[in-house]
$ cat coords07.cif   # mmCIF, C-alpha atoms
data_run
#
loop_
_atom_site.label_atom_id
_atom_site.label_comp_id
_atom_site.auth_asym_id
_atom_site.auth_seq_id
_atom_site.Cartn_x
_atom_site.Cartn_y
_atom_site.Cartn_z
CA MET J 1 114.82 -66.05 -70.03
CA LYS J 2 112.24 -68.73 -69.56
CA ASN J 3 111.65 -70.83 -72.64
CA GLN J 4 113.49 -69.85 -75.78
CA ILE J 5 116.07 -67.56 -77.30
CA PRO J 6 114.55 -64.32 -78.60
CA ARG J 7 113.92 -64.23 -82.33
CA ASN J 8 116.62 -61.61 -82.87
CA PHE J 9 119.21 -63.55 -80.83
CA PRO J 10 121.59 -64.19 -83.77
CA LEU J 11 122.18 -60.42 -83.81
CA ALA J 12 123.11 -60.39 -80.14
CA GLU J 13 126.84 -60.00 -80.88
CA ARG J 14 126.10 -56.29 -81.30
CA ASP J 15 125.25 -56.26 -77.62
CA PHE J 16 128.53 -57.97 -76.79
CA LYS J 17 130.42 -55.34 -78.80
CA SER J 18 128.91 -52.51 -76.84
CA ALA J 19 129.34 -54.30 -73.53
CA ALA J 20 133.06 -54.99 -73.97
CA ALA J 21 134.99 -52.18 -72.35
CA PRO J 22 138.31 -51.10 -73.87
CA ALA J 23 141.29 -52.82 -72.34
CA GLU J 24 142.79 -49.56 -71.17
CA THR J 25 139.71 -48.59 -69.12
CA ALA J 26 138.53 -51.87 -67.61
CA ARG J 27 139.47 -55.51 -67.28
CA LEU J 28 136.73 -58.09 -67.61
CA ALA J 29 136.27 -60.33 -64.59
CA ILE J 30 136.91 -64.03 -65.24
CA SER J 31 135.39 -66.97 -63.37
CA ILE J 32 137.37 -70.20 -63.73
CA ILE J 33 135.10 -73.17 -63.04
CA ILE J 34 136.69 -76.58 -62.35
CA PRO J 35 134.51 -79.72 -62.09
CA VAL J 36 136.19 -82.52 -60.13
CA LEU J 37 135.55 -86.11 -59.13
CA ASN J 38 138.40 -87.93 -57.41
CA GLU J 39 141.14 -85.72 -58.83
CA ALA J 40 143.42 -85.45 -55.79
CA GLN J 41 146.47 -86.57 -57.77
CA VAL J 42 146.30 -83.95 -60.51
CA LEU J 43 144.50 -81.06 -58.82
CA PRO J 44 147.43 -79.55 -56.84
CA ALA J 45 149.46 -78.85 -59.98
CA THR J 46 146.47 -77.27 -61.70
CA LEU J 47 145.62 -75.01 -58.77
CA ALA J 48 149.26 -74.05 -58.16
CA GLY J 49 149.57 -72.79 -61.73
CA LEU J 50 146.55 -70.48 -61.56
CA PRO J 51 147.62 -66.86 -61.03
CA ALA J 52 146.35 -64.73 -58.19
CA ALA J 53 144.64 -61.78 -59.86
CA PRO J 54 142.00 -59.35 -58.56
CA ASP J 55 139.78 -59.90 -61.62
CA VAL J 56 139.84 -63.72 -61.42
CA GLU J 57 137.82 -66.03 -59.21
CA ILE J 58 138.29 -69.80 -59.03
CA ILE J 59 135.32 -72.08 -58.35
CA LEU J 60 135.74 -75.80 -57.73
CA VAL J 61 132.65 -78.00 -58.01
CA ASP J 62 133.01 -81.44 -56.45
CA GLY J 63 130.72 -84.22 -57.63
CA GLY J 64 131.19 -86.45 -54.57
CA SER J 65 134.90 -87.28 -54.42
CA THR J 66 136.05 -90.00 -52.03
CA ASP J 67 139.82 -89.60 -52.45
CA GLY J 68 140.32 -86.41 -50.43
CA THR J 69 139.84 -83.98 -53.33
CA TRP J 70 137.35 -81.85 -51.35
CA GLU J 71 139.63 -81.61 -48.31
CA LEU J 72 142.67 -80.89 -50.48
CA ALA J 73 140.88 -78.03 -52.23
CA GLY J 74 140.09 -76.52 -48.84
CA ARG J 75 143.77 -75.74 -48.37
CA TYR J 76 143.61 -73.07 -51.07
CA PRO J 77 142.20 -69.86 -49.58
CA ARG J 78 141.48 -68.27 -52.98
CA LEU J 79 139.23 -71.16 -53.97
CA ARG J 80 135.45 -71.12 -53.72
CA ARG J 81 134.14 -74.65 -53.21
CA LEU J 82 130.73 -76.16 -53.66
CA GLN J 83 129.33 -79.66 -53.90
CA SER J 84 127.01 -80.87 -56.61
CA PRO J 85 125.42 -84.10 -57.81
CA PRO J 86 127.89 -85.95 -60.03
CA GLY J 87 127.94 -85.33 -63.77
CA ARG J 88 130.17 -82.84 -65.51
CA GLY J 89 127.29 -80.87 -67.03
CA ARG J 90 125.55 -80.54 -63.66
CA GLN J 91 128.78 -79.50 -61.97
CA LEU J 92 129.65 -76.93 -64.60
CA ASN J 93 126.17 -75.42 -64.46
CA ALA J 94 126.32 -75.26 -60.66
CA GLY J 95 129.62 -73.41 -60.84
CA ALA J 96 128.30 -71.01 -63.47
CA ARG J 97 125.31 -70.10 -61.31
CA LEU J 98 127.66 -69.22 -58.45
CA ALA J 99 130.12 -67.34 -60.67
CA ARG J 100 130.38 -63.55 -60.62
CA GLY J 101 132.63 -63.12 -63.66
CA GLU J 102 131.67 -61.65 -67.01
CA LEU J 103 133.60 -64.45 -68.69
CA LEU J 104 133.11 -68.10 -67.71
CA ALA J 105 136.16 -70.31 -68.32
CA PHE J 106 135.49 -74.05 -67.90
CA LEU J 107 138.71 -75.77 -66.89
CA HIS J 108 139.35 -79.51 -66.59
CA ALA J 109 141.20 -80.60 -63.48
CA ASP J 110 144.13 -81.94 -65.53
CA THR J 111 144.51 -78.86 -67.75
CA HIS J 112 146.84 -76.03 -66.81
CA LEU J 113 145.83 -72.41 -67.34
CA SER J 114 148.76 -70.01 -66.98
CA PRO J 115 149.13 -66.21 -66.70
CA ALA J 116 150.04 -66.12 -70.40
CA GLN J 117 146.70 -67.67 -71.37
CA LEU J 118 144.79 -65.33 -69.09
CA ARG J 119 146.51 -62.33 -70.68
CA ALA J 120 145.52 -63.62 -74.11
CA LEU J 121 141.96 -64.14 -72.92
CA ARG J 122 141.70 -60.61 -71.54
CA THR J 123 142.97 -59.20 -74.83
CA GLN J 124 140.49 -61.19 -76.91
CA ALA J 125 137.58 -60.50 -74.56
CA ALA J 126 138.14 -56.75 -74.80
CA ALA J 127 137.92 -56.88 -78.59
CA PRO J 128 134.56 -56.04 -80.20
CA GLY J 129 132.34 -59.03 -80.83
CA PHE J 130 134.07 -61.63 -78.66
CA ALA J 131 131.47 -64.00 -77.22
CA ALA J 132 133.10 -67.43 -76.98
CA GLY J 133 136.34 -69.24 -77.64
CA ALA J 134 138.77 -71.96 -76.63
CA PHE J 135 142.51 -72.46 -76.57
CA ARG J 136 144.77 -74.44 -78.82
CA LEU J 137 145.78 -77.73 -77.26
CA LEU J 138 149.10 -79.15 -76.10
CA LEU J 139 149.09 -82.67 -74.62
CA THR J 140 151.59 -83.75 -71.99
CA PRO J 141 154.00 -85.48 -71.69
CA SER J 142 155.63 -84.43 -74.93
CA LEU J 143 155.52 -87.76 -76.78
CA PRO J 144 155.33 -88.02 -80.59
CA ALA J 145 151.92 -89.71 -80.54
CA LEU J 146 150.43 -87.11 -78.19
CA ARG J 147 151.89 -84.28 -80.26
CA PHE J 148 150.21 -85.77 -83.34
CA ILE J 149 146.87 -86.11 -81.52
CA ALA J 150 147.06 -82.49 -80.33
CA TRP J 151 147.90 -81.40 -83.89
CA GLY J 152 144.75 -83.13 -85.11
CA ALA J 153 142.64 -81.55 -82.36
CA ASN J 154 143.92 -78.09 -83.27
CA TRP J 155 143.12 -78.60 -86.96
CA ARG J 156 139.64 -79.87 -86.03
CA SER J 157 139.13 -76.73 -83.98
CA ARG J 158 140.44 -74.45 -86.72
CA LEU J 159 138.69 -76.02 -89.72
CA PHE J 160 135.38 -77.05 -88.20
CA GLY J 161 135.15 -74.81 -85.12
CA LEU J 162 134.84 -77.83 -82.80
CA PRO J 163 137.07 -77.45 -79.74
CA TYR J 164 136.49 -79.90 -76.87
CA GLY J 165 136.31 -79.30 -73.14
CA ASP J 166 139.99 -79.97 -72.50
CA GLN J 167 140.74 -76.81 -74.52
CA VAL J 168 139.13 -74.57 -71.86
CA LEU J 169 135.83 -73.39 -73.30
CA VAL J 170 135.26 -69.69 -72.56
CA VAL J 171 131.81 -68.11 -72.91
CA ARG J 172 130.49 -64.68 -72.07
CA ARG J 173 128.01 -65.21 -69.23
CA SER J 174 125.07 -63.51 -71.01
CA LEU J 175 125.40 -65.89 -73.96
CA PHE J 176 125.93 -68.92 -71.73
CA PHE J 177 122.71 -68.37 -69.81
CA ALA J 178 120.79 -67.37 -72.94
CA LEU J 179 121.66 -70.80 -74.33
CA GLY J 180 120.63 -72.56 -71.12
CA GLY J 181 124.13 -73.63 -70.12
CA PHE J 182 125.31 -77.23 -70.44
CA ALA J 183 123.21 -80.31 -70.97
CA HIS J 184 123.20 -82.84 -68.13
CA ARG J 185 124.41 -85.71 -70.29
CA ARG J 186 127.54 -86.28 -72.30
CA PRO J 187 129.00 -85.01 -74.54
CA GLU J 188 128.00 -81.80 -72.79
CA ASP J 189 131.00 -79.87 -74.17
CA LEU J 190 130.34 -80.78 -77.80
CA ASP J 191 126.64 -80.03 -77.42
CA LEU J 192 127.37 -76.54 -76.10
CA VAL J 193 129.93 -75.85 -78.83
CA LEU J 194 127.45 -76.77 -81.57
CA ARG J 195 124.80 -74.52 -80.02
CA LEU J 196 127.32 -71.70 -79.70
CA LYS J 197 128.25 -72.02 -83.38
CA ARG J 198 124.73 -71.07 -84.39
CA HIS J 199 125.13 -67.63 -82.84
CA THR J 200 128.80 -66.69 -82.79
CA ARG J 201 132.24 -67.62 -84.06
CA LEU J 202 134.38 -69.39 -81.51
CA ARG J 203 137.82 -67.78 -81.39
CA LEU J 204 140.81 -70.13 -81.18
CA LEU J 205 143.21 -68.62 -78.65
CA SER J 206 146.96 -68.89 -78.13
CA PRO J 207 149.24 -69.83 -76.47
CA PRO J 208 147.99 -73.42 -76.18
CA VAL J 209 146.92 -74.87 -72.84
CA ALA J 210 148.73 -77.96 -71.56
CA SER J 211 146.35 -80.82 -70.86
CA SER J 212 147.23 -84.29 -69.60
CA GLY J 213 147.34 -87.11 -72.13
CA ARG J 214 146.62 -89.65 -69.40
CA ARG J 215 143.52 -91.07 -71.14
CA TRP J 216 145.56 -92.03 -74.20
CA LEU J 217 148.39 -93.39 -72.06
CA GLN J 218 146.01 -95.46 -69.91
CA HIS J 219 143.66 -96.79 -72.58
CA GLY J 220 145.77 -96.71 -75.73
CA TYR J 221 146.21 -94.15 -78.49
CA CYS J 222 144.08 -95.80 -81.16
CA ARG J 223 141.31 -96.94 -78.83
CA THR J 224 140.90 -93.52 -77.16
CA THR J 225 141.03 -91.58 -80.42
CA TRP J 226 138.54 -93.98 -82.04
CA GLN J 227 136.18 -93.56 -79.08
CA HIS J 228 136.34 -89.77 -79.45
CA TRP J 229 135.44 -89.97 -83.13
CA LEU J 230 132.58 -92.37 -82.36
CA VAL J 231 131.21 -89.96 -79.77
CA LEU J 232 131.37 -87.13 -82.31
CA ALA J 233 129.69 -89.18 -85.03
CA ARG J 234 126.96 -90.45 -82.72
CA HIS J 235 126.26 -86.99 -81.36
CA LEU J 236 125.99 -85.45 -84.84
CA ALA J 237 123.66 -88.27 -85.92
CA GLU J 238 121.45 -87.77 -82.87
CA ARG J 239 121.21 -84.06 -83.57
CA LEU J 240 120.27 -84.71 -87.20
CA PHE J 241 117.84 -87.60 -86.80
CA THR J 242 116.46 -87.45 -83.25
CA ARG J 243 115.14 -84.91 -80.75
CA ARG J 244 117.39 -85.98 -77.89
CA TRP J 245 119.24 -82.67 -77.91
CA PRO J 246 117.00 -79.62 -77.49
CA PRO J 247 118.13 -76.14 -78.61
CA LEU J 248 118.70 -75.05 -74.99
CA GLY J 249 120.69 -76.58 -72.15
CA ALA J 250 119.57 -77.79 -68.75
CA LEU J 251 119.47 -74.27 -67.23
CA ALA J 252 116.72 -73.19 -69.63
CA GLY J 253 113.69 -71.89 -67.77
CA GLU J 254 115.64 -70.95 -64.65
CA ASP J 255 116.13 -67.37 -63.53
CA ASN J 256 119.52 -66.07 -64.59
CA PRO J 257 121.83 -65.15 -61.70
CA ARG J 258 122.92 -61.56 -61.42
#
$ encode --input "coords07.cif" --output "structure tokens"
Amino acid sequence: MKNQIPRNFPLAERDFKSAAAPAETARLAISIIIPVLNEAQVLPATLAGLPAAPDVEIILVDGGSTDGTWELAGRYPRLRRLQSPPGRGRQLNAGARLARGELLAFLHADTHLSPAQLRALRTQAAAPGFAAGAFRLLLTPSLPALRFIAWGANWRSRLFGLPYGDQVLVVRRSLFFALGGFAHRRPEDLDLVLRLKRHTRLRLLSPPVASSGRRWLQHGYCRTTWQHWLVLARHLAERLFTRRWPPLGALAGEDNPR
């Protein structure tokens, strides 16, 4: 796809229905893509929790770490590594181009994806019409303020269909590349979610994924939450009143990988 989504693209979920094989006959391959930049402290726990499964590949995209993240990742034989210019959108797109899975799961380095979540993802992906989704959120450590913030994030996702990247965005590869992937500027996750919402319903999956609440602990609960809402408000205003955010992501115009 070179320039734009075909005119009949909103009906493309019919294609996803026919492409999804029944769970009893086939299991959809999953590519887990992890962008990293100086994440040596949190990465081992994330990688250790990922299950070894024949239908799952793990791709780590390093944006130029200087703390030993690249070397640490090399100790995991199941991991495919590549280096990319820094920037989460660029790194995620680079991993997606390398991926071989039918489902692309974009995982933050401080978010844990367990066998239980992968089982839930396989079940949802085998259902007719599944094209994109994200998981409910659980923030760690289990402090009252972080539980309240996660509660708010889950209600935002349920009521408005706006999950963020720390909830593990999952997109069927055909839809991801049809939309041109991620933008190369932030908030790349929110931009993709809003473009996805025009063409499909994002499913909210359970059980919740555990993601680190380190940003709130380091920078303060009110300050971090306020910054998140400002980013959301600014992004929505830019989409309404400017042309900064085109209808396709940064991969638009490139040949889709096989």
$ residues_around --input "coords07.cif" --residues "Gly213 (chain J)" --least-positions-apart "6" --cutoff "10 Å" --atoms "all atoms listed in the file" --output "PyMOL selection string"
chain J and resi 110-111+138-143+145-147+149-150+221
$ write_last_selection --input "coords07.cif" --atoms "C-alpha atoms" --output "short mmCIF file (atom, residue, chain, number, x, y, z; two decimals), in the coordinates of the input"
data_model
loop_
_atom_site.label_atom_id
_atom_site.label_comp_id
_atom_site.auth_asym_id
_atom_site.auth_seq_id
_atom_site.Cartn_x
_atom_site.Cartn_y
_atom_site.Cartn_z
CA ASP J 110 144.13 -81.94 -65.53
CA THR J 111 144.51 -78.86 -67.75
CA LEU J 138 149.10 -79.15 -76.10
CA LEU J 139 149.09 -82.67 -74.62
CA THR J 140 151.59 -83.75 -71.99
CA PRO J 141 154.00 -85.48 -71.69
CA SER J 142 155.63 -84.43 -74.93
CA LEU J 143 155.52 -87.76 -76.78
CA ALA J 145 151.92 -89.71 -80.54
CA LEU J 146 150.43 -87.11 -78.19
CA ARG J 147 151.89 -84.28 -80.26
CA ILE J 149 146.87 -86.11 -81.52
CA ALA J 150 147.06 -82.49 -80.33
CA TYR J 221 146.21 -94.15 -78.49
#
$ residues_around --input "coords07.cif" --residues "Gly181 (chain J)" --least-positions-apart "2" --cutoff "9 Å" --atoms "all atoms listed in the file" --output "ChimeraX atom specification"
/J:89,92-93,96,175-179,183,192,248-252
$ write_last_selection --input "coords07.cif" --atoms "C-alpha atoms" --output "mmCIF file, in the frame of the given file"
data_model
loop_
_atom_site.group_PDB
_atom_site.id
_atom_site.type_symbol
_atom_site.label_atom_id
_atom_site.label_comp_id
_atom_site.auth_asym_id
_atom_site.auth_seq_id
_atom_site.Cartn_x
_atom_site.Cartn_y
_atom_site.Cartn_z
ATOM 1 C CA GLY J 89 127.290 -80.870 -67.030
ATOM 2 C CA LEU J 92 129.650 -76.930 -64.600
ATOM 3 C CA ASN J 93 126.170 -75.420 -64.460
ATOM 4 C CA ALA J 96 128.300 -71.010 -63.470
ATOM 5 C CA LEU J 175 125.400 -65.890 -73.960
ATOM 6 C CA PHE J 176 125.930 -68.920 -71.730
ATOM 7 C CA PHE J 177 122.710 -68.370 -69.810
ATOM 8 C CA ALA J 178 120.790 -67.370 -72.940
ATOM 9 C CA LEU J 179 121.660 -70.800 -74.330
ATOM 10 C CA ALA J 183 123.210 -80.310 -70.970
ATOM 11 C CA LEU J 192 127.370 -76.540 -76.100
ATOM 12 C CA LEU J 248 118.700 -75.050 -74.990
ATOM 13 C CA GLY J 249 120.690 -76.580 -72.150
ATOM 14 C CA ALA J 250 119.570 -77.790 -68.750
ATOM 15 C CA LEU J 251 119.470 -74.270 -67.230
ATOM 16 C CA ALA J 252 116.720 -73.190 -69.630
#
$ closest_residue --input "coords07.cif" --among "J:Ala132, J:Ala52, J:Leu217, J:Val231" --to "Glu188 (chain J)" --atoms "all atoms listed in the file"
J:Val231
$ closest_residue --input "coords07.cif" --among "J:Leu162, J:Ala127, J:Leu232, J:Val61" --to "Gly74 (chain J)" --atoms "all atoms listed in the file"
J:Val61
$ closest_residue --input "coords07.cif" --among "J:Leu137, J:Ala237, J:Ile59, J:Val36" --to "Ala105 (chain J)" --atoms "all atoms listed in the file"
J:Ile59
$ atom_distance --input "coords07.cif" --atom1 "CA of Asp62 (chain J)" --atom2 "CA of Asn38 (chain J)"
8.5 Å
$ closest_residue --input "coords07.cif" --among "J:Trp226, J:Trp245, J:Phe160, J:Phe135" --to "His184 (chain J)" --atoms "only C-alpha atoms"
J:Trp245
$ atom_distance --input "coords07.cif" --atom1 "CA of Ser31 (chain J)" --atom2 "CA of Arg186 (chain J)"
22.7 Å
$ residues_around --input "coords07.cif" --residues "Ala73 (chain J)" --least-positions-apart "6" --cutoff "10 Å" --atoms "only C-alpha atoms" --output "JSON, numbers by chain"
{"J": [40, 43, 44, 47, 60, 62, 79, 80, 81]}
$ resolve_selection --input "coords07.cif" --expression "the PyMOL selection byres ((chain J and resi 69) around 6)" --output "number ranges by chain"
J: 38-40, 67-68, 70-72
$ closest_residue --input "coords07.cif" --among "J:Ala233, J:Arg97, J:Gly161, J:Tyr76" --to "Arg198 (chain J)" --atoms "all atoms listed in the file"
J:Gly161
$ closest_atom_pairs --input "coords07.cif" --of "region 84-106 of chain J" --to "region 118-125 of chain J" --cutoff "12 Å" --atoms "only C-alpha atoms" --output "tab-separated table"
residue	atom	partner	partner_atom	distance
J:Glu102	CA	J:Ala125	CA	9.7
J:Leu103	CA	J:Ala125	CA	8.1
J:Leu104	CA	J:Leu121	CA	11.0
J:Ala105	CA	J:Leu121	CA	9.6
$ closest_residue --input "coords07.cif" --among "J:Val171, J:Ala126, J:Ala153, J:Gln41" --to "Lys197 (chain J)" --atoms "all atoms listed in the file"
J:Val171
$ resolve_selection --input "coords07.cif" --expression "the PyMOL selection byres ((chain J and resi 85) around 10)" --output "PDB file with C-alpha atoms, keeping the file's coordinate frame"
ATOM      1  CA  VAL J  61     132.650 -78.000 -58.010  1.00  0.00           C
ATOM      2  CA  ASP J  62     133.010 -81.440 -56.450  1.00  0.00           C
ATOM      3  CA  GLY J  63     130.720 -84.220 -57.630  1.00  0.00           C
ATOM      4  CA  GLY J  64     131.190 -86.450 -54.570  1.00  0.00           C
ATOM      5  CA  GLN J  83     129.330 -79.660 -53.900  1.00  0.00           C
ATOM      6  CA  SER J  84     127.010 -80.870 -56.610  1.00  0.00           C
ATOM      7  CA  PRO J  86     127.890 -85.950 -60.030  1.00  0.00           C
ATOM      8  CA  GLY J  87     127.940 -85.330 -63.770  1.00  0.00           C
ATOM      9  CA  ARG J  88     130.170 -82.840 -65.510  1.00  0.00           C
ATOM     10  CA  GLY J  89     127.290 -80.870 -67.030  1.00  0.00           C
ATOM     11  CA  ARG J  90     125.550 -80.540 -63.660  1.00  0.00           C
ATOM     12  CA  GLN J  91     128.780 -79.500 -61.970  1.00  0.00           C
ATOM     13  CA  ALA J  94     126.320 -75.260 -60.660  1.00  0.00           C
TER      14      ALA J  94
END
$ atom_distance --input "coords07.cif" --atom1 "CA of Gln167 (chain J)" --atom2 "CA of Ser211 (chain J)"
7.8 Å
$ axis_aligned_box --input "coords07.cif" --around "region 175-185 of chain J" --padding-each-side "3 Å" --output "AutoDock Vina command-line options"
--center_x 123.3 --center_y -75.8 --center_z -71.2 --size_x 11.3 --size_y 25.8 --size_z 12.2
